[in-house]
file data25.txt (compact mmCIF, C-alpha atoms)
# COMPACT_ATOMS: atom_id res chain seq x y z
CA MET A 1 11.48 28.83 -43.90
CA SER A 2 13.30 26.68 -41.38
CA THR A 3 13.57 27.41 -37.71
CA ARG A 4 16.28 26.34 -35.28
CA ARG A 5 15.45 25.38 -31.74
CA GLN A 6 17.65 27.27 -29.35
CA ARG A 7 19.60 25.09 -26.90
CA GLY A 8 21.55 25.85 -23.76
CA PRO A 9 20.85 28.30 -20.93
CA VAL A 10 18.78 31.34 -21.64
CA SER A 11 19.08 34.32 -19.35
CA GLY A 12 16.31 36.71 -18.51
CA ARG A 13 13.41 36.83 -16.10
CA GLY A 14 10.94 33.98 -16.40
CA ARG A 15 13.12 31.84 -18.67
CA VAL A 16 13.80 28.25 -17.68
CA PRO A 17 17.49 27.26 -18.08
CA SER A 18 18.60 23.83 -19.21
CA GLY A 19 21.10 21.73 -17.27
CA GLN A 20 21.67 21.89 -13.54
CA PRO A 21 20.19 25.18 -12.27
CA THR A 22 22.29 27.48 -10.11
CA ILE A 23 21.34 30.08 -7.54
CA ALA A 24 21.98 32.71 -10.22
CA ASP A 25 19.45 30.98 -12.48
CA VAL A 26 16.89 31.11 -9.68
CA ALA A 27 17.60 34.80 -9.13
CA ARG A 28 17.17 35.60 -12.87
CA HIS A 29 13.99 33.54 -13.11
CA ALA A 30 12.47 35.26 -10.06
CA GLY A 31 13.76 38.70 -11.06
CA VAL A 32 15.65 39.27 -7.82
CA ALA A 33 19.25 39.55 -6.66
CA VAL A 34 21.27 36.43 -5.85
CA SER A 35 21.57 37.64 -2.26
CA THR A 36 17.77 37.74 -1.99
CA VAL A 37 17.55 34.06 -3.00
CA SER A 38 20.22 33.25 -0.43
CA TYR A 39 18.31 35.07 2.31
CA VAL A 40 15.06 33.31 1.41
CA LEU A 41 16.72 29.88 1.53
CA SER A 42 18.72 30.49 4.71
CA GLY A 43 16.12 32.51 6.60
CA LYS A 44 18.89 34.83 7.82
CA ARG A 45 17.05 38.01 6.83
CA ALA A 46 13.40 38.99 6.63
CA ILE A 47 12.07 39.05 3.06
CA SER A 48 8.60 40.20 2.01
CA GLU A 49 6.03 37.41 1.63
CA LEU A 50 5.47 38.30 -2.03
CA THR A 51 9.16 38.09 -2.91
CA ARG A 52 9.67 34.98 -0.82
CA ASN A 53 6.83 33.17 -2.57
CA ARG A 54 8.17 34.20 -6.00
CA VAL A 55 11.64 32.89 -5.15
CA LEU A 56 10.29 29.60 -3.78
CA ALA A 57 8.13 29.15 -6.86
CA SER A 58 11.24 29.55 -9.04
CA VAL A 59 13.15 27.09 -6.88
CA ARG A 60 10.42 24.50 -7.34
CA LEU A 61 9.99 25.12 -11.05
CA LEU A 62 13.70 24.92 -11.81
CA GLY A 63 14.33 22.00 -9.45
CA TYR A 64 17.11 23.88 -7.71
CA HIS A 65 18.92 22.12 -4.83
CA PRO A 66 21.47 24.07 -2.78
CA ASN A 67 24.96 22.61 -2.95
CA ALA A 68 25.53 20.83 0.34
CA GLY A 69 29.21 21.67 0.45
CA ALA A 70 28.63 25.34 -0.21
CA ARG A 71 25.84 25.45 2.34
CA ALA A 72 28.08 23.81 4.93
CA LEU A 73 30.86 26.31 4.28
CA ALA A 74 28.47 29.23 4.54
CA SER A 75 26.87 28.03 7.76
CA ARG A 76 29.91 26.28 9.19
CA ARG A 77 27.65 23.29 9.64
CA ALA A 78 27.93 19.82 8.08
CA ASN A 79 24.25 19.01 8.68
CA VAL A 80 25.44 15.59 9.85
CA ILE A 81 25.36 14.07 13.34
CA ALA A 82 27.25 10.99 14.46
CA LEU A 83 25.64 8.04 16.25
CA VAL A 84 28.37 6.18 18.12
CA LEU A 85 27.21 2.60 18.58
CA PRO A 86 29.86 -0.02 19.33
CA LEU A 87 28.52 -3.49 18.46
CA ARG A 88 29.99 -5.47 21.33
CA SER A 89 29.19 -8.73 23.08
CA GLY A 90 25.91 -8.72 24.95
CA ILE A 91 24.31 -6.04 22.78
CA GLN A 92 20.86 -6.89 21.44
CA VAL A 93 21.15 -5.85 17.79
CA PRO A 94 17.38 -5.80 16.98
CA VAL A 95 16.74 -3.42 19.88
CA VAL A 96 19.75 -1.30 19.02
CA MET A 97 18.53 -0.94 15.45
CA GLN A 98 15.23 0.42 16.77
CA PHE A 99 17.22 3.19 18.42
CA ALA A 100 19.23 3.79 15.25
CA THR A 101 16.14 3.92 13.04
CA ALA A 102 14.48 6.42 15.37
CA VAL A 103 17.60 8.60 15.36
CA VAL A 104 17.91 8.57 11.55
CA THR A 105 14.22 9.35 11.03
CA SER A 106 14.21 12.15 13.58
CA ALA A 107 17.44 13.64 12.26
CA ARG A 108 16.00 13.86 8.74
CA GLY A 109 13.12 15.85 10.20
CA HIS A 110 15.75 18.36 11.30
CA ASP A 111 17.50 18.33 7.90
CA HIS A 112 20.43 16.29 9.23
CA ASP A 113 21.95 13.03 8.06
CA VAL A 114 23.44 10.45 10.42
CA LEU A 115 26.94 8.99 10.36
CA LEU A 116 26.79 5.60 12.09
CA LEU A 117 29.97 4.52 13.88
CA THR A 118 29.87 0.89 14.92
CA SER A 119 33.53 0.04 15.49
CA ASP A 120 34.67 -0.06 19.10
CA GLU A 121 37.51 2.47 18.94
CA GLY A 122 36.67 4.01 22.30
CA PRO A 123 37.80 7.60 22.89
CA GLN A 124 40.15 7.53 19.88
CA GLY A 125 37.34 6.95 17.40
CA LEU A 126 35.19 9.60 19.05
CA HIS A 127 38.04 12.11 18.91
CA ARG A 128 38.65 11.37 15.24
CA ILE A 129 35.05 12.23 14.36
CA ALA A 130 34.17 14.94 16.82
CA ALA A 131 37.40 16.92 16.67
CA GLY A 132 37.10 17.54 12.93
CA ALA A 133 34.41 19.08 10.78
CA LEU A 134 32.74 15.84 9.74
CA VAL A 135 29.77 16.21 12.10
CA ASP A 136 27.93 18.94 13.97
CA GLY A 137 27.21 16.86 17.05
CA VAL A 138 27.43 13.39 18.54
CA LEU A 139 24.99 10.87 20.02
CA VAL A 140 26.61 8.16 22.15
CA MET A 141 25.02 4.80 23.01
CA ASP A 142 25.99 1.82 25.19
CA VAL A 143 27.04 4.15 27.98
CA GLU A 144 29.03 2.73 30.87
CA LEU A 145 28.97 3.98 34.47
CA HIS A 146 32.59 5.06 34.19
CA ASP A 147 32.71 5.57 30.45
CA ALA A 148 36.15 6.51 29.08
CA ARG A 149 34.47 8.58 26.36
CA VAL A 150 32.83 11.01 28.79
CA PRO A 151 35.93 13.06 29.73
CA LEU A 152 36.69 13.47 26.03
CA LEU A 153 33.16 14.69 25.29
CA ARG A 154 33.56 17.31 27.99
CA ALA A 155 36.97 18.36 26.68
CA LEU A 156 36.03 18.58 23.01
CA GLY A 157 33.18 20.97 23.57
CA ARG A 158 31.33 19.48 20.59
CA PRO A 159 27.54 19.28 21.23
CA SER A 160 26.70 15.77 22.39
CA VAL A 161 23.91 13.72 23.94
CA LEU A 162 24.30 10.38 25.72
CA ILE A 163 21.61 7.72 25.35
CA GLY A 164 22.27 6.26 28.78
CA LEU A 165 23.63 7.51 32.10
CA PRO A 166 27.20 7.44 33.41
CA ALA A 167 27.76 7.64 37.16
CA ASP A 168 28.71 11.32 36.88
CA THR A 169 26.38 13.33 34.63
CA ASP A 170 27.81 16.76 35.46
CA GLY A 171 28.07 18.96 32.38
CA LEU A 172 26.41 16.36 30.13
CA THR A 173 23.07 15.93 28.39
CA CYS A 174 21.66 12.42 28.90
CA VAL A 175 18.38 10.68 28.05
CA ASP A 176 17.23 7.15 28.84
CA LEU A 177 14.51 4.99 30.32
CA ASP A 178 14.59 5.15 34.11
CA PHE A 179 15.91 1.61 34.43
CA HIS A 180 16.33 1.89 38.21
CA ARG A 181 12.63 2.63 38.49
CA ALA A 182 11.87 -0.13 35.93
CA GLY A 183 13.48 -2.70 38.25
CA GLN A 184 11.43 -1.37 41.14
CA VAL A 185 8.18 -1.48 39.15
CA CYS A 186 8.71 -5.15 38.26
CA VAL A 187 9.23 -6.15 41.90
CA GLU A 188 6.36 -3.98 43.13
CA HIS A 189 4.00 -5.71 40.71
CA LEU A 190 5.13 -9.17 41.82
CA ALA A 191 5.06 -8.24 45.52
CA GLY A 192 1.50 -6.99 45.03
CA LEU A 193 0.60 -10.44 43.72
CA GLY A 194 1.96 -12.06 46.88
CA HIS A 195 5.32 -13.29 45.54
CA ARG A 196 8.03 -13.41 48.19
CA ARG A 197 10.89 -15.12 46.34
CA VAL A 198 11.98 -13.48 43.09
CA ALA A 199 14.99 -13.81 40.78
CA LEU A 200 16.35 -11.36 38.23
CA LEU A 201 17.84 -12.98 35.13
CA GLY A 202 19.69 -10.00 33.80
CA ALA A 203 21.94 -9.05 30.91
CA PRO A 204 24.90 -11.21 29.83
CA ALA A 205 27.90 -11.18 32.17
CA ALA A 206 29.98 -9.11 29.72
CA VAL A 207 27.49 -6.26 30.00
CA TYR A 208 27.87 -6.11 33.78
CA GLU A 209 31.64 -6.47 33.56
CA ARG A 210 31.84 -3.43 31.26
CA GLY A 211 29.83 -1.48 33.80
CA THR A 212 27.03 -0.75 31.33
CA GLY A 213 24.65 1.60 33.08
CA PHE A 214 21.21 0.22 32.22
CA ALA A 215 21.97 -3.28 33.54
CA HIS A 216 23.40 -2.08 36.84
CA ARG A 217 20.59 0.42 37.37
CA THR A 218 17.91 -2.23 36.79
CA ARG A 219 19.59 -4.62 39.19
CA ALA A 220 19.86 -1.90 41.85
CA GLY A 221 16.16 -1.13 41.44
CA VAL A 222 15.20 -4.77 41.86
CA VAL A 223 17.31 -5.18 45.01
CA GLU A 224 16.05 -1.94 46.55
CA ALA A 225 12.36 -2.66 45.93
CA ALA A 226 12.73 -6.25 47.16
CA ALA A 227 14.20 -5.06 50.45
CA ARG A 228 11.43 -2.50 50.86
CA HIS A 229 8.65 -5.03 50.24
CA GLY A 230 10.10 -7.92 52.23
CA VAL A 231 10.86 -9.97 49.12
CA GLU A 232 13.84 -12.32 48.88
CA ALA A 233 15.65 -11.51 45.63
CA VAL A 234 18.56 -13.14 43.83
CA THR A 235 20.15 -11.50 40.79
CA LEU A 236 22.09 -13.38 38.14
CA PRO A 237 23.53 -12.54 34.71
CA CYS A 238 21.98 -14.50 31.86
CA GLU A 239 23.64 -15.33 28.56
CA GLU A 240 21.90 -15.40 25.18
CA ASN A 241 22.62 -18.98 24.10
CA ALA A 242 19.58 -21.23 24.59
CA ALA A 243 21.62 -24.05 26.13
CA GLU A 244 23.24 -21.69 28.62
CA VAL A 245 19.88 -20.16 29.50
CA HIS A 246 18.42 -23.61 30.10
CA ALA A 247 21.33 -24.55 32.35
CA ARG A 248 20.98 -21.27 34.29
CA VAL A 249 17.25 -21.79 34.90
CA VAL A 250 17.71 -25.43 35.94
CA GLU A 251 20.51 -24.44 38.35
CA LEU A 252 18.43 -21.58 39.74
CA PHE A 253 15.43 -23.72 40.63
CA ALA A 254 17.62 -26.52 41.95
CA ARG A 255 19.08 -24.03 44.43
CA GLN A 256 15.84 -22.21 45.17
CA PRO A 257 12.86 -24.47 44.49
CA GLU A 258 10.52 -22.02 46.27
CA LEU A 259 11.05 -19.30 43.67
CA SER A 260 7.69 -18.16 42.34
CA ALA A 261 8.62 -15.27 40.02
CA LEU A 262 11.26 -14.19 37.52
CA VAL A 263 12.24 -10.80 36.14
CA VAL A 264 14.02 -11.18 32.78
CA GLN A 265 16.11 -8.35 31.33
CA ASN A 266 17.53 -10.03 28.26
CA GLU A 267 15.42 -10.04 25.10
CA ALA A 268 17.29 -12.97 23.54
CA ALA A 269 16.73 -15.08 26.67
CA VAL A 270 12.96 -14.59 26.92
CA GLY A 271 12.04 -17.55 24.70
CA PRO A 272 14.66 -19.91 26.15
CA VAL A 273 13.60 -19.03 29.70
CA GLN A 274 10.01 -19.98 28.91
CA ALA A 275 11.16 -23.19 27.24
CA ALA A 276 13.32 -24.09 30.24
CA LEU A 277 10.42 -23.54 32.64
CA ALA A 278 8.22 -25.78 30.51
CA ALA A 279 10.91 -28.49 30.51
CA LEU A 280 10.98 -28.31 34.32
CA GLY A 281 7.21 -28.75 34.41
CA ARG A 282 6.65 -25.25 35.78
CA ARG A 283 3.68 -23.54 34.20
CA VAL A 284 3.54 -19.79 33.49
CA PRO A 285 1.84 -18.12 35.30
CA ASP A 286 0.30 -20.86 37.48
CA ASP A 287 3.61 -21.97 39.01
CA VAL A 288 5.97 -19.16 38.06
CA SER A 289 5.15 -15.56 37.13
CA VAL A 290 7.43 -13.86 34.58
CA VAL A 291 7.97 -10.15 33.99
CA ALA A 292 10.28 -8.93 31.23
CA VAL A 293 12.05 -5.65 30.60
CA CYS A 294 11.93 -5.69 26.82
CA PRO A 295 10.31 -4.09 23.74
CA ASP A 296 6.59 -4.69 23.34
CA GLN A 297 6.98 -6.90 20.25
CA PHE A 298 8.99 -9.44 22.26
CA ALA A 299 6.37 -9.49 24.99
CA GLU A 300 3.40 -9.66 22.62
CA HIS A 301 4.78 -12.58 20.58
CA ALA A 302 5.77 -14.69 23.57
CA SER A 303 3.53 -17.56 24.69
CA PRO A 304 1.99 -16.75 27.05
CA ARG A 305 2.14 -13.04 26.39
CA LEU A 306 4.50 -11.43 28.84
CA THR A 307 3.78 -8.79 31.43
CA SER A 308 6.52 -6.29 30.66
CA VAL A 309 8.13 -2.92 31.05
CA PRO A 310 8.84 -1.90 27.45
CA VAL A 311 12.06 -0.20 26.37
CA PRO A 312 10.77 2.84 24.40
CA ALA A 313 13.56 2.90 21.84
CA GLU A 314 11.73 5.14 19.37
CA GLU A 315 10.82 7.76 21.96
CA ILE A 316 14.33 7.79 23.43
CA GLY A 317 15.83 8.16 19.94
CA ARG A 318 13.51 11.07 19.12
CA GLN A 319 14.24 12.82 22.37
CA ALA A 320 17.99 12.34 21.94
CA VAL A 321 17.91 14.02 18.52
CA SER A 322 15.68 16.83 19.79
CA LEU A 323 18.07 17.50 22.69
CA LEU A 324 21.06 17.51 20.33
CA MET A 325 19.34 20.02 18.03
CA ARG A 326 18.79 22.27 21.03
CA ARG A 327 22.47 21.95 21.89
CA LEU A 328 23.37 22.91 18.32
CA ARG A 329 21.24 26.05 18.70
CA ASP A 330 22.97 26.86 22.01
CA GLU A 331 19.70 26.41 23.87
CA PRO A 332 19.72 25.15 27.47
CA THR A 333 19.02 21.44 27.95
CA PRO A 334 18.33 19.38 31.08
CA GLN A 335 21.28 17.42 32.40
CA VAL A 336 19.27 14.20 32.68
CA THR A 337 15.99 13.22 31.02
CA LEU A 338 14.54 9.94 32.30
CA LEU A 339 11.43 8.38 30.77
CA GLU A 340 9.03 6.93 33.31
CA PRO A 341 8.70 3.12 32.93
CA ARG A 342 5.27 1.74 32.10
CA LEU A 343 4.22 -1.73 33.22
CA THR A 344 1.88 -3.53 30.82
CA VAL A 345 0.09 -6.47 32.47
CA ARG A 346 -0.48 -9.46 30.20
CA ASP A 347 -0.83 -13.22 30.71
CA SER A 348 2.44 -14.22 32.37
CA THR A 349 1.82 -13.00 35.93
CA ALA A 350 -0.69 -14.21 38.51
CA ALA A 351 -1.14 -14.32 42.26
CA ALA A 352 1.34 -16.50 44.09
CA THR A 353 -0.03 -19.88 45.07
CA GLY A 354 -2.08 -19.69 48.23
CA THR A 355 -2.38 -15.89 48.25
CA THR A 356 -5.11 -13.44 47.43
CA THR A 357 -4.56 -9.96 46.04
CA PRO A 358 -6.68 -6.82 46.03
CA TYR A 359 -6.66 -6.62 42.27
CA ASP A 360 -6.90 -8.83 39.23
CA ASN A 361 -3.57 -9.07 37.44
CA ARG A 362 -5.31 -9.63 34.12
CA ALA A 363 -6.76 -6.14 34.30
CA ALA A 364 -6.01 -3.47 31.77
CA ALA A 365 -2.42 -2.32 31.37
CA ARG A 366 -1.12 0.13 33.93
call {"tool": "encode", "arguments": {"input": "data25.txt", "output": "structure tokens"}}
result
Amino acid sequence: MSTRRQRGPVSGRGRVPSGQPTIADVARHAGVAVSTVSYVLSGKRAISELTRNRVLASVRLLGYHPNAGARALASRRANVIALVLPLRSGIQVPVVMQFATAVVTSARGHDHDVLLLTSDEGPQGLHRIAAGALVDGVLVMDVELHDARVPLLRALGRPSVLIGLPADTDGLTCVDLDFHRAGQVCVEHLAGLGHRRVALLGAPAAVYERGTGFAHRTRAGVVEAAARHGVEAVTLPCEENAAEVHARVVELFARQPELSALVVQNEAAVGPVQAALAALGRRVPDDVSVVAVCPDQFAEHASPRLTSVPVPAEEIGRQAVSLLMRRLRDEPTPQVTLLEPRLTVRDSTAAATGTTTPYDNRAAAR
């Protein structure tokens, strides 16, 4: 007697269908109504633990995945957030990608994907994305003091978070490192070591010209702390090209040969600055102390290792996503969240020549 193997979907409780399973297949397998499966998956209604476990077991066994389009229609959510990141002159791409990676990783933890927008379309590009149904919310980077995108964000009413601070934060949700305080911390450390003539080699000129917030806030912090501690401070933009950096450093010391310390806020310029000092015969830290505002990996791999205030890209990215998720749930959020800067003392700073200090600058990180 021959037997024929049955093919195709088989209905009935406990049977495993072939092909792509549907929510109806899950319901039949678990012996419950389709609406019960929907409630278990969405969490919109309380279901008994026994029934919930039976439904989830069927979901796992059948390999059922809810249709993203249907789920979006049902919840009126796309489960996608946009990260607006114009790649413009003066932007440090490796650092920016740390932010982007942190945002993507954190968003996946909240069951959201990330749409990365890198073209510099200004308000028009933001309107195109945020005004439609493509995304649930928006994260905005490279924020300027008088950013043209801010009025649009307020007008659209779409949940948004700025990674950076504009001059007017009213009605916004912003998160960033406290760069103003970071500038102060750098000068305070150098003043404590007896340095009285300090220069800030900052971001490229284009960054200042755009009015990018972090660069202006750091510079303001340096100037303010210098005045408070009786330190003479000069602030200059610094380009990324090694030849231009070299020329800037040579010009700086030709004008101010008594300079004994530098604050560098330009990751790409860190290596060229050290090379230029060596070419001038100025040893770090014996002749010139150097503090950088940069990620730890830049500071750790420099020679000598740099005393630095790190830019906590991963933490800022995580907090930005967390704040946006709270906005999506209509929960209150603080207007401004600023991360406290942390100075890590390494090998590039020492007491100014002819001075003594109450502490050893090679001590453990602060």
call {"tool": "closest_residue", "arguments": {"input": "data25.txt", "among": "A:Val80, A:Leu236, A:Ala102, A:Leu152", "to": "Asn266 of chain A", "atoms": "all atoms listed in the file"}}
result
A:Leu236
call {"tool": "closest_residue", "arguments": {"input": "data25.txt", "among": "A:Asn53, A:Ser38, A:Gln265, A:Ser58", "to": "Ala182 of chain A", "atoms": "only C-alpha atoms"}}
result
A:Gln265
call {"tool": "residues_around", "arguments": {"input": "data25.txt", "residues": "segment 306-314 of chain A", "least_positions_apart": "4", "cutoff": "7 Å", "atoms": "only C-alpha atoms", "output": "PDB file with C-alpha atoms, keeping the file's coordinate frame"}}
result
ATOM      1  CA  GLN A  98      15.230   0.420  16.770  1.00  0.00           C
ATOM      2  CA  PHE A  99      17.220   3.190  18.420  1.00  0.00           C
ATOM      3  CA  ALA A 102      14.480   6.420  15.370  1.00  0.00           C
ATOM      4  CA  LEU A 177      14.510   4.990  30.320  1.00  0.00           C
ATOM      5  CA  ALA A 182      11.870  -0.130  35.930  1.00  0.00           C
ATOM      6  CA  VAL A 290       7.430 -13.860  34.580  1.00  0.00           C
ATOM      7  CA  VAL A 291       7.970 -10.150  33.990  1.00  0.00           C
ATOM      8  CA  ALA A 292      10.280  -8.930  31.230  1.00  0.00           C
ATOM      9  CA  VAL A 293      12.050  -5.650  30.600  1.00  0.00           C
ATOM     10  CA  CYS A 294      11.930  -5.690  26.820  1.00  0.00           C
ATOM     11  CA  PRO A 295      10.310  -4.090  23.740  1.00  0.00           C
ATOM     12  CA  ASP A 296       6.590  -4.690  23.340  1.00  0.00           C
ATOM     13  CA  ALA A 299       6.370  -9.490  24.990  1.00  0.00           C
ATOM     14  CA  GLU A 300       3.400  -9.660  22.620  1.00  0.00           C
ATOM     15  CA  ALA A 302       5.770 -14.690  23.570  1.00  0.00           C
ATOM     16  CA  ARG A 318      13.510  11.070  19.120  1.00  0.00           C
ATOM     17  CA  PRO A 341       8.700   3.120  32.930  1.00  0.00           C
ATOM     18  CA  ARG A 342       5.270   1.740  32.100  1.00  0.00           C
ATOM     19  CA  LEU A 343       4.220  -1.730  33.220  1.00  0.00           C
ATOM     20  CA  THR A 344       1.880  -3.530  30.820  1.00  0.00           C
ATOM     21  CA  VAL A 345       0.090  -6.470  32.470  1.00  0.00           C
ATOM     22  CA  ARG A 346      -0.480  -9.460  30.200  1.00  0.00           C
ATOM     23  CA  ASP A 347      -0.830 -13.220  30.710  1.00  0.00           C
ATOM     24  CA  SER A 348       2.440 -14.220  32.370  1.00  0.00           C
ATOM     25  CA  THR A 349       1.820 -13.000  35.930  1.00  0.00           C
TER      26      THR A 349
END
call {"tool": "residues_around", "arguments": {"input": "data25.txt", "residues": "segment 247-252 of chain A", "least_positions_apart": "3", "cutoff": "7 Å", "atoms": "only C-alpha atoms", "output": "NGL selection string"}}
result
:A and (243-244 or 255-256 or 273 or 276)
call {"tool": "atom_distance", "arguments": {"input": "data25.txt", "atom1": "atom CA of Val187 of chain A", "atom2": "atom CA of Gly230 of chain A"}}
result
10.5 Å
call {"tool": "closest_residue", "arguments": {"input": "data25.txt", "among": "A:Val138, A:Val103, A:Ala27, A:Ala261", "to": "Arg283 of chain A", "atoms": "only C-alpha atoms"}}
result
A:Ala261
call {"tool": "residues_near_point", "arguments": {"input": "data25.txt", "point": "(26.3, 3.4, 26.7)", "cutoff": "9 Å", "atoms": "all atoms listed in the file", "output": "ChimeraX atom specification"}}
result
/A:85-86,140-145,147,162-166,212-214
call {"tool": "closest_residue", "arguments": {"input": "data25.txt", "among": "A:Arg149, A:Arg326, A:Arg181, A:Arg305", "to": "Arg219 of chain A", "atoms": "all atoms listed in the file"}}
result
A:Arg181
call {"tool": "atom_distance", "arguments": {"input": "data25.txt", "atom1": "atom CA of Leu259 of chain A", "atom2": "atom CA of Glu340 of chain A"}}
result
28.3 Å
call {"tool": "closest_residue", "arguments": {"input": "data25.txt", "among": "A:Gln184, A:Leu172, A:Ala278, A:Arg88", "to": "Pro334 of chain A", "atoms": "all atoms listed in the file"}}
result
A:Leu172
call {"tool": "residues_near_point", "arguments": {"input": "data25.txt", "point": "(26.6, 0.9, 11.1)", "cutoff": "12 Å", "atoms": "only C-alpha atoms", "output": "ChimeraX atom specification"}}
result
/A:82-87,93,96-97,100-101,104,114-120
call {"tool": "atom_distance", "arguments": {"input": "data25.txt", "atom1": "atom CA of His216 of chain A", "atom2": "atom CA of His246 of chain A"}}
result
23.1 Å
call {"tool": "build_atoms", "arguments": {"input": "data25.txt", "residues": "segment 229-242 of chain A", "atoms": "N, CA, C and O atoms", "output": "compact mmCIF listing (two decimals), keeping the file's coordinate frame"}}
result
# COMPACT_ATOMS: atom_id res chain seq x y z
N HIS A 229 9.90 -4.28 50.19
CA HIS A 229 8.65 -5.03 50.24
C HIS A 229 8.79 -6.40 50.92
O HIS A 229 7.85 -7.20 50.88
N GLY A 230 9.92 -6.65 51.54
CA GLY A 230 10.10 -7.92 52.23
C GLY A 230 10.17 -9.11 51.30
O GLY A 230 9.73 -10.22 51.65
N VAL A 231 10.74 -8.91 50.12
CA VAL A 231 10.86 -9.97 49.12
C VAL A 231 12.31 -10.46 49.07
O VAL A 231 13.24 -9.65 49.04
N GLU A 232 12.49 -11.76 49.07
CA GLU A 232 13.84 -12.32 48.88
C GLU A 232 14.17 -12.28 47.39
O GLU A 232 13.40 -12.80 46.57
N ALA A 233 15.30 -11.66 47.04
CA ALA A 233 15.65 -11.51 45.63
C ALA A 233 17.06 -11.99 45.38
O ALA A 233 17.98 -11.71 46.16
N VAL A 234 17.23 -12.74 44.30
CA VAL A 234 18.56 -13.14 43.83
C VAL A 234 18.72 -12.58 42.42
O VAL A 234 17.76 -12.56 41.65
N THR A 235 19.91 -12.08 42.12
CA THR A 235 20.15 -11.50 40.79
C THR A 235 21.30 -12.23 40.12
O THR A 235 22.35 -12.44 40.74
N LEU A 236 21.09 -12.62 38.87
CA LEU A 236 22.09 -13.38 38.14
C LEU A 236 22.21 -12.86 36.71
O LEU A 236 21.19 -12.51 36.09
N PRO A 237 23.42 -12.83 36.15
CA PRO A 237 23.53 -12.54 34.71
C PRO A 237 22.96 -13.71 33.91
O PRO A 237 22.90 -14.84 34.41
N CYS A 238 22.56 -13.45 32.70
CA CYS A 238 21.98 -14.50 31.86
C CYS A 238 22.50 -14.35 30.44
O CYS A 238 22.36 -13.27 29.84
N GLU A 239 23.09 -15.39 29.91
CA GLU A 239 23.64 -15.33 28.56
C GLU A 239 22.52 -15.47 27.53
O GLU A 239 21.35 -15.66 27.86
N GLU A 240 22.89 -15.39 26.26
CA GLU A 240 21.90 -15.40 25.18
C GLU A 240 21.69 -16.78 24.57
O GLU A 240 20.65 -17.06 23.99
N ASN A 241 22.69 -17.64 24.68
CA ASN A 241 22.62 -18.98 24.10
C ASN A 241 21.56 -19.82 24.80
O ASN A 241 21.49 -19.86 26.04
N ALA A 242 20.70 -20.48 24.02
CA ALA A 242 19.58 -21.23 24.59
C ALA A 242 20.04 -22.31 25.57
O ALA A 242 19.42 -22.51 26.63
